[in-house]
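These notes concern the structure reproduced below.
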Amino acid sequence: MDFLIQLNKEFVPTKEIDNGKIVKNPETPDRLKKIENYILSNNFKLLESSEFGEDVIYLAHKSEYIEYLKEKCQTLGEKDEYLPEVFFVDKIFDTGTPLKHNTFEVAKKALDTTLSGVLKTLETRNPTYILTRPPGHHAMKDFAGGYCYFNNVAIAAKYLETKGIRSAILDIDFHHGNGTQNIFYDDKEVLYVSIHGAPKIFYPWYSGFEYETGVGPAKGTNKNIPLPGGATWDIYKLALEEAINTIETFKPDFLIVSVGYDTHVKDPVGHFALEDKDYKEIGNAISKVCEKIGFICFVQEGGYNASANYKAFLNLLEGFEGTRR
Ligand code: SP5
Ligand code: ZN
């Protein structure tokens, strides 16, 4: 596995409104620092990121949204943090996704890092892990939300689509990637498969249901596998098998994994009960499907307990690399 890292340490959101109360925002660089440290101190191949033009953002997002975000950030001072108090106003669909003066800039850097990783993978055929933040899978065509501003994996898949490369996106963050679903709902060239906490109970509540399968020619290219709170490996395993079967049937050229460790039992935001060793099984299962697909990238999404993230990551890596050596 090769790596790219962009933690945007100068971007630290502090607030979120949860159930009407102001609470601490968990989406900070600290949550990924242990993983970064491990990668940097273990002689892995670290790939450089290059800068893309702003036109890549338009592959998945609407111009009104992109321009709003850019202009709003420009009005903010270094210490300002703009947080809407209601859902779906000012191009932000929740109350946990604040704007700071550098939000546009850092979200673009996370995107550049993701695209760089994906292009490197095309070149080298090596699996790549893109350790970056802010995350992306909640960002819709025209709304930020869920700590996400630009949908890193969606833009990557659209970019690949312009080269005639068909992708599947496997989303194993605890939360449904409503943004990724939104962007590909009518696009039959990209398969979106997600395993997540049932939206009847868990964020983002309005999307992630089993009956959402895509529209028009894209019907059947969106698959949601919602699971109950407290789900352990015995339940999760079946969902993962189903997800992988769906991917194998689609026969993508490229697999992008939206990887979140908020499925871990010790995560403070997610509500599953996966344990360290379960991530070894996940890594192993993904490595097997990759024997049939040419290219794979992992892109970081959620995970809010730094130690749990680190252990989950180590196990995932071990499970993934185990069968490849
Ligand atoms: C990338 C990612 O993992 N984003 C997750 C966003 C979750 N945001 C807030 C969830 C708030 C749930 N609060 C439920 C009320 C319990 N008091
Ligand atoms: Zn999440």
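Ligands are numbered from 1 in the order shown, residues from 1 within each chain, and chains are lettered A, B, ... in the order they appear in the structure tokens.
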* Would you kindly return, as a ChimeraX atom specification, each protein, DNA or RNA residue with an atom no farther than 8 Å from any atom of range 61-71 of chain A, considering only C-alpha atoms and excluding same-chain residues fewer than 3 positions away? => /A:57-58,74-75,91,104,140-143,150
* Asked: Neighbours of Phe272 in chain A within 10 Å (only C-alpha atoms; same-chain residues fewer than 5 positions away dropped), as a PyMOL selection string?
  -> chain A and resi 174+196-197+227-233+236+262-267
Residues just named, written with all heavy atoms as a compact mmCIF listing (two decimals), in the first residue's frame:
# COMPACT_ATOMS: atom_id res chain seq x y z
N PHE A 174 -19.71 4.70 9.28
CA PHE A 174 -20.95 4.39 10.00
C PHE A 174 -22.18 5.08 9.39
O PHE A 174 -23.29 4.54 9.41
CB PHE A 174 -20.87 4.79 11.48
CG PHE A 174 -22.21 4.67 12.19
CD1 PHE A 174 -22.67 3.43 12.61
CD2 PHE A 174 -23.02 5.79 12.36
CE1 PHE A 174 -23.92 3.30 13.20
CE2 PHE A 174 -24.27 5.66 12.96
CZ PHE A 174 -24.72 4.42 13.38
N HIS A 196 -24.44 1.08 6.64
CA HIS A 196 -24.51 2.19 7.60
C HIS A 196 -25.61 2.00 8.63
O HIS A 196 -26.49 1.15 8.45
CB HIS A 196 -24.75 3.49 6.82
CG HIS A 196 -25.88 3.38 5.85
ND1 HIS A 196 -25.68 3.10 4.52
CD2 HIS A 196 -27.22 3.43 6.03
CE1 HIS A 196 -26.85 3.01 3.91
NE2 HIS A 196 -27.80 3.20 4.80
N GLY A 197 -25.58 2.82 9.65
CA GLY A 197 -26.63 2.83 10.66
C GLY A 197 -27.96 3.20 10.02
O GLY A 197 -28.03 4.12 9.21
N LEU A 227 -28.11 -1.07 8.86
CA LEU A 227 -28.04 -2.05 9.95
C LEU A 227 -28.49 -1.39 11.25
O LEU A 227 -28.38 -0.17 11.42
CB LEU A 227 -26.59 -2.56 10.12
CG LEU A 227 -25.97 -3.31 8.95
CD1 LEU A 227 -24.53 -3.71 9.28
CD2 LEU A 227 -26.80 -4.54 8.59
N PRO A 228 -28.98 -2.20 12.20
CA PRO A 228 -29.41 -1.62 13.48
C PRO A 228 -28.24 -1.14 14.33
O PRO A 228 -27.10 -1.58 14.13
CB PRO A 228 -30.11 -2.80 14.17
CG PRO A 228 -29.55 -4.02 13.53
CD PRO A 228 -29.20 -3.65 12.12
N GLY A 229 -28.52 -0.26 15.28
CA GLY A 229 -27.51 0.17 16.23
C GLY A 229 -26.95 -1.02 16.98
O GLY A 229 -27.63 -2.03 17.14
N GLY A 230 -25.69 -0.94 17.39
CA GLY A 230 -25.08 -2.01 18.16
C GLY A 230 -24.61 -3.18 17.33
O GLY A 230 -24.15 -4.20 17.86
N ALA A 231 -24.71 -3.07 16.00
CA ALA A 231 -24.34 -4.19 15.13
C ALA A 231 -22.90 -4.65 15.39
O ALA A 231 -21.98 -3.85 15.47
CB ALA A 231 -24.52 -3.81 13.66
N THR A 232 -22.75 -5.97 15.54
CA THR A 232 -21.43 -6.58 15.77
C THR A 232 -21.01 -7.32 14.50
O THR A 232 -21.76 -7.36 13.52
CB THR A 232 -21.50 -7.57 16.95
OG1 THR A 232 -22.65 -8.40 16.75
CG2 THR A 232 -21.63 -6.83 18.27
N TRP A 233 -19.83 -7.95 14.54
CA TRP A 233 -19.26 -8.56 13.35
C TRP A 233 -20.17 -9.61 12.70
O TRP A 233 -20.25 -9.70 11.47
CB TRP A 233 -17.88 -9.15 13.66
CG TRP A 233 -17.30 -9.81 12.46
CD1 TRP A 233 -17.03 -11.14 12.29
CD2 TRP A 233 -16.94 -9.18 11.21
NE1 TRP A 233 -16.52 -11.38 11.03
CE2 TRP A 233 -16.47 -10.19 10.35
CE3 TRP A 233 -17.00 -7.85 10.75
CZ2 TRP A 233 -16.03 -9.93 9.06
CZ3 TRP A 233 -16.57 -7.59 9.45
CH2 TRP A 233 -16.10 -8.62 8.62
N TYR A 236 -22.51 -7.60 10.67
CA TYR A 236 -21.79 -6.76 9.71
C TYR A 236 -21.22 -7.59 8.56
O TYR A 236 -21.25 -7.19 7.40
CB TYR A 236 -20.68 -5.99 10.42
CG TYR A 236 -20.16 -4.84 9.59
CD1 TYR A 236 -20.72 -3.57 9.72
CD2 TYR A 236 -19.13 -5.02 8.66
CE1 TYR A 236 -20.27 -2.51 8.94
CE2 TYR A 236 -18.68 -3.98 7.88
CZ TYR A 236 -19.25 -2.72 8.02
OH TYR A 236 -18.80 -1.68 7.24
N ASP A 262 -15.78 5.12 12.37
CA ASP A 262 -16.84 5.41 13.35
C ASP A 262 -17.80 4.24 13.52
O ASP A 262 -18.81 4.34 14.21
CB ASP A 262 -17.57 6.73 13.02
CG ASP A 262 -17.89 6.93 11.57
OD1 ASP A 262 -17.68 5.99 10.77
OD2 ASP A 262 -18.36 8.03 11.21
N THR A 263 -17.45 3.08 12.90
CA THR A 263 -18.17 1.83 13.14
C THR A 263 -17.60 1.09 14.36
O THR A 263 -18.12 0.06 14.76
CB THR A 263 -18.01 0.90 11.92
OG1 THR A 263 -16.62 0.86 11.56
CG2 THR A 263 -18.81 1.42 10.74
N HIS A 264 -16.49 1.63 14.90
CA HIS A 264 -15.82 0.96 16.03
C HIS A 264 -16.63 1.13 17.32
O HIS A 264 -17.22 2.18 17.55
CB HIS A 264 -14.42 1.58 16.20
CG HIS A 264 -13.51 0.81 17.11
ND1 HIS A 264 -13.61 0.89 18.48
CD2 HIS A 264 -12.49 -0.05 16.85
CE1 HIS A 264 -12.68 0.12 19.03
NE2 HIS A 264 -11.99 -0.47 18.04
N VAL A 265 -16.62 0.09 18.14
CA VAL A 265 -17.40 0.12 19.39
C VAL A 265 -17.04 1.32 20.28
O VAL A 265 -17.89 1.83 21.01
CB VAL A 265 -17.26 -1.24 20.14
CG1 VAL A 265 -15.81 -1.47 20.59
CG2 VAL A 265 -18.23 -1.33 21.31
N LYS A 266 -15.80 1.76 20.19
CA LYS A 266 -15.38 2.88 21.05
C LYS A 266 -15.51 4.25 20.39
O LYS A 266 -15.06 5.26 20.95
CB LYS A 266 -13.93 2.67 21.51
CG LYS A 266 -13.82 1.50 22.48
CD LYS A 266 -12.46 1.43 23.13
CE LYS A 266 -12.42 0.33 24.18
NZ LYS A 266 -11.08 -0.32 24.22
N ASP A 267 -16.12 4.29 19.23
CA ASP A 267 -16.29 5.61 18.58
C ASP A 267 -17.38 6.40 19.28
O ASP A 267 -18.44 5.87 19.59
CB ASP A 267 -16.64 5.42 17.09
CG ASP A 267 -16.60 6.75 16.36
OD1 ASP A 267 -15.54 7.12 15.85
OD2 ASP A 267 -17.65 7.44 16.33
So that each row is one residue of chain A with an atom at most 9 Å from ligand 2, can you give its shortest atom pair and the distance in Å to one decimal, using only C-alpha atoms and all ligand atoms, rows by chain and rising number, as CSV?
residue,atom,partner,partner_atom_place_in_ligand_line,distance
A:Pro135,CA,ligand 2,1 (Zn),9.0
A:His137,CA,ligand 2,1 (Zn),8.6
A:His138,CA,ligand 2,1 (Zn),8.7
A:Gly146,CA,ligand 2,1 (Zn),7.8
A:Ile172,CA,ligand 2,1 (Zn),8.7
A:Asp173,CA,ligand 2,1 (Zn),4.9
A:Phe174,CA,ligand 2,1 (Zn),4.7
A:His175,CA,ligand 2,1 (Zn),4.3
A:His176,CA,ligand 2,1 (Zn),7.5
A:Gly177,CA,ligand 2,1 (Zn),8.2
A:His196,CA,ligand 2,1 (Zn),8.7
A:Tyr203,CA,ligand 2,1 (Zn),8.7
A:Val259,CA,ligand 2,1 (Zn),8.9
A:Gly260,CA,ligand 2,1 (Zn),6.0
A:Tyr261,CA,ligand 2,1 (Zn),7.7
A:Asp262,CA,ligand 2,1 (Zn),5.6
A:Thr263,CA,ligand 2,1 (Zn),7.9
A:Val269,CA,ligand 2,1 (Zn),7.5
A:Gly270,CA,ligand 2,1 (Zn),6.6
A:Glu301,CA,ligand 2,1 (Zn),6.6
A:Gly302,CA,ligand 2,1 (Zn),4.4
A:Gly303,CA,ligand 2,1 (Zn),6.5
A:Tyr304,CA,ligand 2,1 (Zn),8.6
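Excluding range 248-252 of chain A itself and same-chain residues fewer than 6 positions from it, the residues having an atom within 8 Å of it are Arg166, Ser167, Ala168, Leu191, Val289 and Ile293 of chain A, counting only C-alpha atoms.
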Identify, on the basis of only C-alpha atoms, every residue whose closest approach to Ala243 in chain A does not exceed 10 Å; exclude the query and any residue fewer than 2 positions from it along the same chain; express the result as a PDB file with N, CA and C atoms, in the first residue's frame.
ATOM      1  N   LEU A 170     -17.394   1.790  -2.401  1.00  0.00           N
ATOM      2  CA  LEU A 170     -17.850   1.032  -1.239  1.00  0.00           C
ATOM      3  C   LEU A 170     -17.702   1.937  -0.024  1.00  0.00           C
ATOM      4  N   ASP A 171     -18.816   2.260   0.621  1.00  0.00           N
ATOM      5  CA  ASP A 171     -18.805   3.222   1.732  1.00  0.00           C
ATOM      6  C   ASP A 171     -19.021   2.469   3.045  1.00  0.00           C
ATOM      7  N   ILE A 172     -17.943   2.378   3.859  1.00  0.00           N
ATOM      8  CA  ILE A 172     -18.051   1.643   5.122  1.00  0.00           C
ATOM      9  C   ILE A 172     -17.919   2.564   6.340  1.00  0.00           C
ATOM     10  N   TYR A 192     -22.697   2.824  -6.306  1.00  0.00           N
ATOM     11  CA  TYR A 192     -22.511   3.246  -4.909  1.00  0.00           C
ATOM     12  C   TYR A 192     -23.131   2.198  -3.992  1.00  0.00           C
ATOM     13  N   VAL A 193     -22.318   1.648  -3.092  1.00  0.00           N
ATOM     14  CA  VAL A 193     -22.790   0.652  -2.125  1.00  0.00           C
ATOM     15  C   VAL A 193     -22.398   1.100  -0.729  1.00  0.00           C
ATOM     16  N   SER A 194     -23.354   1.159   0.180  1.00  0.00           N
ATOM     17  CA  SER A 194     -23.073   1.672   1.522  1.00  0.00           C
ATOM     18  C   SER A 194     -23.669   0.789   2.616  1.00  0.00           C
ATOM     19  N   ILE A 195     -22.859   0.541   3.644  1.00  0.00           N
ATOM     20  CA  ILE A 195     -23.324  -0.158   4.854  1.00  0.00           C
ATOM     21  C   ILE A 195     -23.306   0.885   5.973  1.00  0.00           C
ATOM     22  N   LYS A 223     -26.901   0.993  -3.867  1.00  0.00           N
ATOM     23  CA  LYS A 223     -27.336  -0.036  -2.924  1.00  0.00           C
ATOM     24  C   LYS A 223     -27.056   0.366  -1.488  1.00  0.00           C
ATOM     25  N   ASN A 224     -28.128   0.437  -0.700  1.00  0.00           N
ATOM     26  CA  ASN A 224     -28.009   0.767   0.717  1.00  0.00           C
ATOM     27  C   ASN A 224     -28.255  -0.459   1.570  1.00  0.00           C
ATOM     28  N   ILE A 225     -27.347  -0.683   2.521  1.00  0.00           N
ATOM     29  CA  ILE A 225     -27.513  -1.792   3.460  1.00  0.00           C
ATOM     30  C   ILE A 225     -27.519  -1.203   4.877  1.00  0.00           C
ATOM     31  N   LYS A 237     -20.701  -8.772   8.927  1.00  0.00           N
ATOM     32  CA  LYS A 237     -20.083  -9.692   7.975  1.00  0.00           C
ATOM     33  C   LYS A 237     -21.023 -10.015   6.807  1.00  0.00           C
ATOM     34  N   LEU A 238     -22.297 -10.264   7.135  1.00  0.00           N
ATOM     35  CA  LEU A 238     -23.282 -10.597   6.095  1.00  0.00           C
ATOM     36  C   LEU A 238     -23.513  -9.401   5.174  1.00  0.00           C
ATOM     37  N   ALA A 239     -23.569  -8.217   5.784  1.00  0.00           N
ATOM     38  CA  ALA A 239     -23.759  -6.998   4.990  1.00  0.00           C
ATOM     39  C   ALA A 239     -22.572  -6.792   4.048  1.00  0.00           C
ATOM     40  N   LEU A 240     -21.384  -7.035   4.574  1.00  0.00           N
ATOM     41  CA  LEU A 240     -20.172  -6.854   3.760  1.00  0.00           C
ATOM     42  C   LEU A 240     -20.147  -7.840   2.596  1.00  0.00           C
ATOM     43  N   GLU A 241     -20.566  -9.066   2.857  1.00  0.00           N
ATOM     44  CA  GLU A 241     -20.629 -10.068   1.782  1.00  0.00           C
ATOM     45  C   GLU A 241     -21.591  -9.614   0.690  1.00  0.00           C
ATOM     46  N   ASN A 245     -20.611  -8.797  -3.139  1.00  0.00           N
ATOM     47  CA  ASN A 245     -21.265  -9.480  -4.266  1.00  0.00           C
ATOM     48  C   ASN A 245     -21.797  -8.488  -5.280  1.00  0.00           C
ATOM     49  N   THR A 246     -22.397  -7.404  -4.765  1.00  0.00           N
ATOM     50  CA  THR A 246     -22.950  -6.373  -5.656  1.00  0.00           C
ATOM     51  C   THR A 246     -21.839  -5.741  -6.491  1.00  0.00           C
ATOM     52  N   ILE A 247     -20.697  -5.511  -5.859  1.00  0.00           N
ATOM     53  CA  ILE A 247     -19.561  -4.916  -6.572  1.00  0.00           C
ATOM     54  C   ILE A 247     -19.036  -5.886  -7.634  1.00  0.00           C
ATOM     55  N   GLU A 248     -18.947  -7.152  -7.276  1.00  0.00           N
ATOM     56  CA  GLU A 248     -18.436  -8.147  -8.240  1.00  0.00           C
ATOM     57  C   GLU A 248     -19.341  -8.274  -9.453  1.00  0.00           C
TER      58      GLU A 248
END
* Structure fact -> CA of Gly96 in chain A sits from CA of Asn37 in chain A at a separation of 27.6 Å
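Closest approach to Leu111 in chain A from the set A:Asp94, A:Glu54, A:Glu189, A:Glu81 is made by A:Glu54, with distances taken over only C-alpha atoms.
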* To do: Please provide the set of residues having any atom within 12 Å of Lys158 in chain A, restricted to only C-alpha atoms, with same-chain residues fewer than 5 positions apart removed, written as a PyMOL selection string.
  => chain A and resi 56-61+115+118+151-153+163-169+180+183-184+187-191+254+256
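We find CA of Asn102 in chain A and CA of Lys21 in chain A to be spaced 25.0 Å apart.
Among A:Cys73, A:Leu119, A:Leu131, A:Val215, the residue with the shortest atom-to-atom distance to Tyr149 in chain A, counting only C-alpha atoms, is A:Cys73.
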* Shell around Pro13 in chain A at 10 Å using only C-alpha atoms, local window under 2 positions removed, as a ChimeraX atom specification -> /A:10-11,15-16,24-29,81-83,96-100,103,134,147
Store the residues of this selection in a file with N, CA, C and O atoms, as an mmCIF file, in the first residue's frame.
data_model
loop_
_atom_site.group_PDB
_atom_site.id
_atom_site.type_symbol
_atom_site.label_atom_id
_atom_site.label_comp_id
_atom_site.auth_asym_id
_atom_site.auth_seq_id
_atom_site.Cartn_x
_atom_site.Cartn_y
_atom_site.Cartn_z
ATOM 1 N N GLU A 10 -4.177 23.241 9.894
ATOM 2 C CA GLU A 10 -4.570 24.621 10.159
ATOM 3 C C GLU A 10 -6.092 24.804 10.097
ATOM 4 O O GLU A 10 -6.599 25.912 10.263
ATOM 5 N N PHE A 11 -6.821 23.726 9.882
ATOM 6 C CA PHE A 11 -8.293 23.810 9.868
ATOM 7 C C PHE A 11 -8.853 23.001 11.031
ATOM 8 O O PHE A 11 -8.831 21.770 11.016
ATOM 9 N N LYS A 15 -17.051 24.061 16.776
ATOM 10 C CA LYS A 15 -18.441 23.925 17.236
ATOM 11 C C LYS A 15 -19.319 23.103 16.322
ATOM 12 O O LYS A 15 -19.100 23.000 15.126
ATOM 13 N N GLU A 16 -20.348 22.550 16.934
ATOM 14 C CA GLU A 16 -21.432 21.917 16.191
ATOM 15 C C GLU A 16 -22.676 22.062 17.047
ATOM 16 O O GLU A 16 -22.573 22.136 18.272
ATOM 17 N N LYS A 24 -18.794 20.260 21.206
ATOM 18 C CA LYS A 24 -17.489 20.302 20.559
ATOM 19 C C LYS A 24 -17.549 19.559 19.225
ATOM 20 O O LYS A 24 -18.112 18.474 19.145
ATOM 21 N N ASN A 25 -16.971 20.140 18.203
ATOM 22 C CA ASN A 25 -16.929 19.478 16.895
ATOM 23 C C ASN A 25 -15.817 18.414 16.897
ATOM 24 O O ASN A 25 -14.670 18.729 17.191
ATOM 25 N N PRO A 26 -16.161 17.161 16.596
ATOM 26 C CA PRO A 26 -15.153 16.083 16.689
ATOM 27 C C PRO A 26 -14.254 15.937 15.459
ATOM 28 O O PRO A 26 -13.309 15.153 15.476
ATOM 29 N N GLU A 27 -14.550 16.705 14.396
ATOM 30 C CA GLU A 27 -13.810 16.491 13.133
ATOM 31 C C GLU A 27 -12.545 17.358 13.113
ATOM 32 O O GLU A 27 -12.488 18.374 12.422
ATOM 33 N N THR A 28 -11.541 16.943 13.885
ATOM 34 C CA THR A 28 -10.306 17.715 14.025
ATOM 35 C C THR A 28 -9.113 16.876 13.542
ATOM 36 O O THR A 28 -9.222 15.655 13.440
ATOM 37 N N PRO A 29 -7.985 17.523 13.266
ATOM 38 C CA PRO A 29 -6.816 16.758 12.786
ATOM 39 C C PRO A 29 -6.341 15.707 13.791
ATOM 40 O O PRO A 29 -5.815 14.663 13.398
ATOM 41 N N GLU A 81 -16.126 31.601 12.932
ATOM 42 C CA GLU A 81 -16.626 30.279 12.581
ATOM 43 C C GLU A 81 -18.116 30.437 12.325
ATOM 44 O O GLU A 81 -18.872 30.727 13.250
ATOM 45 N N TYR A 82 -18.513 30.270 11.077
ATOM 46 C CA TYR A 82 -19.910 30.467 10.726
ATOM 47 C C TYR A 82 -20.658 29.131 10.754
ATOM 48 O O TYR A 82 -20.332 28.195 10.023
ATOM 49 N N LEU A 83 -21.654 29.049 11.625
ATOM 50 C CA LEU A 83 -22.403 27.805 11.797
ATOM 51 C C LEU A 83 -23.903 28.091 11.725
ATOM 52 O O LEU A 83 -24.462 28.726 12.613
ATOM 53 N N GLY A 96 -23.717 21.079 11.850
ATOM 54 C CA GLY A 96 -22.451 20.595 12.403
ATOM 55 C C GLY A 96 -21.271 20.865 11.499
ATOM 56 O O GLY A 96 -20.171 20.351 11.726
ATOM 57 N N THR A 97 -21.508 21.658 10.452
ATOM 58 C CA THR A 97 -20.500 21.808 9.405
ATOM 59 C C THR A 97 -20.141 23.280 9.237
ATOM 60 O O THR A 97 -20.622 23.946 8.332
ATOM 61 N N PRO A 98 -19.306 23.807 10.146
ATOM 62 C CA PRO A 98 -19.015 25.234 10.152
ATOM 63 C C PRO A 98 -18.091 25.672 9.014
ATOM 64 O O PRO A 98 -17.313 24.876 8.492
ATOM 65 N N LEU A 99 -18.215 26.938 8.667
ATOM 66 C CA LEU A 99 -17.290 27.529 7.699
ATOM 67 C C LEU A 99 -16.298 28.406 8.435
ATOM 68 O O LEU A 99 -16.670 29.169 9.336
ATOM 69 N N LYS A 100 -15.025 28.296 8.056
ATOM 70 C CA LYS A 100 -13.979 29.169 8.557
ATOM 71 C C LYS A 100 -13.322 29.859 7.354
ATOM 72 O O LYS A 100 -13.623 29.519 6.217
ATOM 73 N N THR A 103 -11.814 27.283 4.939
ATOM 74 C CA THR A 103 -12.519 26.027 4.634
ATOM 75 C C THR A 103 -12.429 25.643 3.159
ATOM 76 O O THR A 103 -12.136 24.489 2.824
ATOM 77 N N PRO A 134 -10.784 17.707 5.540
ATOM 78 C CA PRO A 134 -12.111 17.233 5.926
ATOM 79 C C PRO A 134 -12.613 16.102 5.013
ATOM 80 O O PRO A 134 -12.180 16.005 3.861
ATOM 81 N N TYR A 147 -19.741 17.487 8.302
ATOM 82 C CA TYR A 147 -18.295 17.828 8.334
ATOM 83 C C TYR A 147 -17.667 17.779 6.942
ATOM 84 O O TYR A 147 -16.434 17.777 6.824
#
* Structure fact -> Across A:Ile235, A:Ala154, A:Ala139, A:Ile130, the smallest distance to Leu46 in chain A, with only C-alpha atoms counted, is shown by A:Ile130
* Choose the residue, out of A:Phe295, A:Phe320, A:Tyr279, A:Trp205, that has the smallest atom-to-atom separation from ligand 1; count only C-alpha atoms and all ligand atoms. => A:Trp205
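For the residues A:Lys72, A:Lys33, A:Arg133, A:Lys9, ranking by smallest atom-to-atom distance to ligand 1 using only C-alpha atoms and all ligand atoms places A:Arg133 first.
Nearest residue to Thr221 in chain A among A:Asn19, A:Gln181, A:Thr124, A:Asp253 is A:Gln181, counting only C-alpha atoms.
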* To do: Determine which residues of range 166-316 of chain A receive a DSSP assignment of strand (DSSP E), computed from the backbone, and state them as a VMD selection string.
  => chain A and resid 167 to 171 190 to 197 222 to 227 254 to 259 295 to 300
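Once Asn126 in chain A and its same-chain neighbours fewer than 4 positions away are set aside, Met1, Asp2, Thr121, Phe295 and Ile296 of chain A remain within 8 Å of it when counting only C-alpha atoms.
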* Please measure the separation of CA of Val12 in chain A and CA of Ala144 in chain A, giving the value in Å to one decimal. => 16.5 Å
